[in-house]
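Asks: Before I ask anything, let me first share the structure, which is written out below as C-alpha cells.
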Amino acid sequence: MGKIKYKRARELNIQIGDLQPGAKNKITDVPGVTVGHHTLSNGNIQTGVTAILPHQGNIFKEKVIASSHVFNGFGKTAGTIQINELGTVETPIILTNTFAAGTCSAGLIKYMLKDNLEPGRTTGTINPVVCECNDMILNDIREAAVEERHVTRAIEAAGPDFEEGAHGAGRGMKCFGLKGGIGSASRFIHAGDRAYTLGVLVLSNFGNLQDLVLDGKKAGKRISEIRDTNGTEEKDQGSIIMILATDLPVTDRQLNRIIRRCGNGLSRTGSNMGHGSGDLVIGFSTATRIPHKPEAELLSMEFVHEEELDQPFKAAAEATEEAIINSMLMAKTTTGRDGNQLISLSEYAEKLI
C-alpha cells in the first residue's frame, strides 16, 4: 500500500462532533494534566505502561474529585472501589496489560511512598489506581515483561504532549480487528460565562471489524470487502479503558453523570460491549483539591448547577469517539508474538474518506 502517513482524524478532515477541540486536542489540554509512556518492544514482547497525572503536585496530599463507572465488568482494575466510596483519586492513573496489573499496583505504591512518609505509619494506606487490557495477540503476556520500575519511568516521562497509538500500554492492543492503542481528544465547554476544558484518553482493545463505524459510516464492512475476509469475525473479547479529565468544578456525583456519557461515544464507533469485553471509565476534575489532612473544621467547594451539564455530556461523547478513532489511526502496523500482525486503520484511510 506504499508508505503510510499516520494522521489524526482532523488531519484527515474527519470532523467528529460540533464542539471546538483544545489546542492539542488531547487530555493534556486540561491545565496541569500530563501523560507519559514506557514502551517495551522486542520480538514477542510488545507491551508497556502509560501514566496519567491529574496535577503536578503531591496527588496523595492534594487529592482531586473523581468517579468511575463500569459498562461491562470483564476486567482487573484496581482502585475504583475507593474512588467511588470517597469521591477522590490520590495517585497517578496507570494503564498496562492484564497480567501486569498487580505488578503496576506494587510499583505505584512504592513510587508514592517515596514522597509520602505517613501511609502505613500515621495514616492509612494508598489507593493505587491501575487499569488493564489484554494484549496477548501481539504480546507474550505470560512472560510478565512489565516490571515495577517501569511505572516510575512512565510517570517520570509524563508531559503536556505525548505519543498516541502503539506506545506505552497501547503497544500490543487490538481494536476492531485492527491495531489499537492510546488515543485522545478534547473539547472546550462552557458553564455560564466561563470556559473550561474536557479531555479523554483511551486505551482501545475491543470490537469486531464488521462493526467499526467511522464518523457515522460503516467503515468496518468496507475494510472487510477490501481485505476479502468474507465476514468472518472473532468474538469481541477485548476491552477499553477511558480516562476523562476536566477543570469544570463538579461534585463526584455530577462527574459520574458526565463520565457515563463516554459510553455514548464508545457506542458510536460500533462497540457492542461484548461479554468478554471490559469497558470502564474513570474521570477526575482538577478544579478542587481535597487535602489529605483536615485543614479546617469544614471544607468548601464550588460546583456548577445541574442545568449546566448538557454541554459536558456532549463533550464527553464527542471526545471519546474521536479519541478511539485517533488511537487506531495513529497506531502503526505492528508485528509481535509468533509473527501475529495487526494492521493500522491508516492503511485504509484513503479508501474510506
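Going through the C-alpha cells in order, the chains are called A, B, and so on, while each chain numbers its residues from 1 and the ligands are numbered from 1 in the order shown.
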Residues of range 153-182 of chain A within 9 Å of range 25-31 of chain A: nearest atom pair and distance (Å, one decimal) for each, counting only C-alpha atoms, sorted by chain and number, as CSV?
Replies:
```
residue,atom,partner,partner_atom,distance
A:Gly159,CA,A:Thr28,CA,8.3
A:Pro160,CA,A:Thr28,CA,5.5
A:Asp161,CA,A:Thr28,CA,6.7
A:Phe162,CA,A:Thr28,CA,8.7
```
Asks: Could you give me, as a list in words, each residue of range 234-312 of chain A that DSSP assigns to helix (DSSP H, G or I) when run on this structure's backbone?
Replies: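 Helix (DSSP H, G or I) members of range 234-312 of chain A, listed: Asp252, Arg253, Gln254, Leu255, Asn256, Arg257, Ile258, Ile259, Cys262, Gly263, Asn264, Gly265, Leu266, Ser267, Arg268, Glu306, Glu307, Glu308, Asp310, Gln311 and Pro312 of chain A.
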Asks: One decimal, Å: what's the distance from CA of Gln254 in chain A over to CA of Glu306 in chain A, could you say?
Replies: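 Distance between the two atoms: 7.7 Å.
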Asks: Kindly indicate which residue among A:Ala195, A:Ala319, A:Leu214, A:Ile83 lies nearest to Asn256 in chain A, using only C-alpha atoms for the distances.
Replies: A:Ile83
Asks: Which polymer residues have any atom within 8 Å of an atom of Val202 in chain A, counting only C-alpha atoms, with same-chain residues fewer than 4 positions away left out, as a ChimeraX atom specification?
Replies: /A:181-184,240-243,320,323-324,327
Asks: Which residues are near Lys3 in chain A? Cut-off 12 Å, only C-alpha atoms, ignore same chain within fewer than 2 positions. Put them as an mmCIF file with C-alpha atoms, in the first residue's frame.
Replies:
```cif
data_model
loop_
_atom_site.group_PDB
_atom_site.id
_atom_site.type_symbol
_atom_site.label_atom_id
_atom_site.label_comp_id
_atom_site.auth_asym_id
_atom_site.auth_seq_id
_atom_site.Cartn_x
_atom_site.Cartn_y
_atom_site.Cartn_z
ATOM 1 C CA MET A 1 0.000 0.000 0.000
ATOM 2 C CA LYS A 5 1.287 8.691 6.661
ATOM 3 C CA TYR A 6 -0.161 8.346 10.123
ATOM 4 C CA LYS A 332 1.277 1.873 13.282
ATOM 5 C CA THR A 333 1.004 -1.614 11.811
ATOM 6 C CA SER A 346 -4.430 4.427 8.446
ATOM 7 C CA GLU A 347 -3.608 1.866 5.752
#
```
Asks: Mind checking DSSP for range 60-288 of chain A and telling me the strand (DSSP E) residues as number ranges by chain?
Replies: A: 62-73, 88-89, 93-97, 129-133, 174-175, 178-179, 182-191, 194-205, 239-246, 278-288
Asks: How close does each residue of range 74-107 of chain A get to range 120-143 of chain A, giving the shortest atom pair and distance in Å to one decimal for every residue with an atom at most 8 Å away, counting only C-alpha atoms, sorted by chain and residue number, as a tab-separated table?
Replies:
```
residue	atom	partner	partner_atom	distance
A:Gly75	CA	A:Glu132	CA	7.1
A:Lys76	CA	A:Glu132	CA	6.6
A:Thr77	CA	A:Cys131	CA	4.6
A:Ala78	CA	A:Val130	CA	5.1
A:Gly79	CA	A:Val129	CA	4.6
A:Thr80	CA	A:Val129	CA	7.0
A:Gln82	CA	A:Asn127	CA	7.2
A:Val89	CA	A:Asn127	CA	7.9
A:Glu90	CA	A:Asn127	CA	6.8
A:Thr91	CA	A:Pro128	CA	6.0
A:Pro92	CA	A:Val129	CA	7.0
A:Ile93	CA	A:Val129	CA	5.2
A:Ile94	CA	A:Val130	CA	4.7
A:Leu95	CA	A:Cys131	CA	4.9
A:Thr96	CA	A:Glu132	CA	5.0
A:Asn97	CA	A:Glu132	CA	4.9
A:Thr98	CA	A:Glu132	CA	4.9
A:Phe99	CA	A:Ile141	CA	6.7
A:Ala100	CA	A:Glu132	CA	7.8
A:Ala101	CA	A:Val130	CA	6.2
A:Cys104	CA	A:Val130	CA	6.9
A:Ser105	CA	A:Pro128	CA	5.8
```
Asks: Keeping only C-alpha atoms, write the selected residues to a file as a PDB file, in the first residue's frame.
Replies:
```pdb
ATOM      1  CA  GLY A  75     -11.558  -6.631  33.886  1.00  0.00           C
ATOM      2  CA  LYS A  76      -8.995  -6.489  36.665  1.00  0.00           C
ATOM      3  CA  THR A  77      -8.923  -2.808  37.544  1.00  0.00           C
ATOM      4  CA  ALA A  78      -7.564  -1.718  40.937  1.00  0.00           C
ATOM      5  CA  GLY A  79      -8.696   1.257  42.981  1.00  0.00           C
ATOM      6  CA  THR A  80     -12.201   2.030  41.730  1.00  0.00           C
ATOM      7  CA  GLN A  82     -12.333   3.531  46.980  1.00  0.00           C
ATOM      8  CA  VAL A  89      -8.228   9.911  43.378  1.00  0.00           C
ATOM      9  CA  GLU A  90      -4.874  10.140  45.178  1.00  0.00           C
ATOM     10  CA  THR A  91      -2.339   8.612  42.756  1.00  0.00           C
ATOM     11  CA  PRO A  92      -1.488   8.820  39.078  1.00  0.00           C
ATOM     12  CA  ILE A  93      -3.680   6.528  36.970  1.00  0.00           C
ATOM     13  CA  ILE A  94      -1.690   3.681  35.417  1.00  0.00           C
ATOM     14  CA  LEU A  95      -2.630   1.700  32.291  1.00  0.00           C
ATOM     15  CA  THR A  96      -0.968  -1.593  31.364  1.00  0.00           C
ATOM     16  CA  ASN A  97      -1.642  -5.183  30.273  1.00  0.00           C
ATOM     17  CA  THR A  98      -3.839  -7.602  32.218  1.00  0.00           C
ATOM     18  CA  PHE A  99      -1.148  -9.723  33.859  1.00  0.00           C
ATOM     19  CA  ALA A 100       0.825  -6.607  34.848  1.00  0.00           C
ATOM     20  CA  ALA A 101      -1.972  -5.025  36.907  1.00  0.00           C
ATOM     21  CA  CYS A 104       1.989  -1.953  38.451  1.00  0.00           C
ATOM     22  CA  SER A 105      -0.042  -1.610  41.651  1.00  0.00           C
TER      23      SER A 105
END
```
Asks: Using only C-alpha atoms, which residue out of A:Asp310, A:Asp252, A:Glu322, A:Glu350 lies closest to Arg8 in chain A?
Replies: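 Closest residue, counting only C-alpha atoms: A:Glu322.
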Asks: Give the answer as one residue: which of A:Leu266, A:Ala317, A:Leu201, A:Ala219 has the shortest atom-to-atom distance to Leu352 in chain A, using only C-alpha atoms?
Replies: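 Of A:Leu266, A:Ala317, A:Leu201, A:Ala219, the one nearest Leu352 in chain A is A:Ala219, counting only C-alpha atoms.
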Asks: If I take CA of His55 in chain A and CA of Leu113 in chain A, how far is one from the other in Å, to one decimal?
Replies: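 According to the coordinates, CA of His55 in chain A and CA of Leu113 in chain A are separated by 17.5 Å.
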Asks: I want to know what sits within 10 Å of Arg153 in chain A, based on only C-alpha atoms, with residues of the same chain fewer than 4 positions away left out; could you give that as a VMD selection string?
Replies: chain A and resid 36 to 39 49 to 51 148 to 149 157 to 158
Asks: Using C-alpha atoms, can you write the selected residues to a file as a CSV table (one decimal), in the first residue's frame?
Replies:
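Writing the result to out_22.csv gives the following:
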```csv
chain,number,residue,atom,x,y,z
A,36,GLY,CA,3.8,9.6,30.0
A,37,HIS,CA,4.7,6.2,28.5
A,38,HIS,CA,7.2,3.4,28.9
A,39,THR,CA,7.2,1.1,25.9
A,49,VAL,CA,2.9,1.3,30.8
A,50,THR,CA,1.0,4.6,30.4
A,51,ALA,CA,0.6,7.1,33.3
A,148,GLU,CA,7.6,-2.2,38.9
A,149,ARG,CA,10.3,0.2,37.8
A,157,ALA,CA,8.2,10.7,31.3
A,158,ALA,CA,4.9,12.4,31.7
```
Asks: Would you pick out the contacts of Val304 in chain A at 8 Å or less, using only C-alpha atoms, so that residues sharing its chain but fewer than 4 positions from it are not included, and give the list as a ChimeraX atom specification?
Replies: /A:191,248-250,308-309
Asks: Tell me which of A:Leu198, A:Leu298, A:Glu225, A:His305 sits closest to Gly22 in chain A, counting only C-alpha atoms.
Replies: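 For Gly22 in chain A, the nearest of the candidates is A:Leu198.
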Asks: Excluding same-chain residues fewer than 2 positions from Asn58 in chain A, what lies within 9 Å of it counting only C-alpha atoms, as a PyMOL selection string?
Replies: chain A and resi 55-56+60-63+90-91+112+115-116
Asks: Counting only C-alpha atoms, figure out which residue out of A:Arg253, A:Arg337, A:Arg187, A:Lys218 gets nearest to Pro21 in chain A.
Replies: A:Arg187
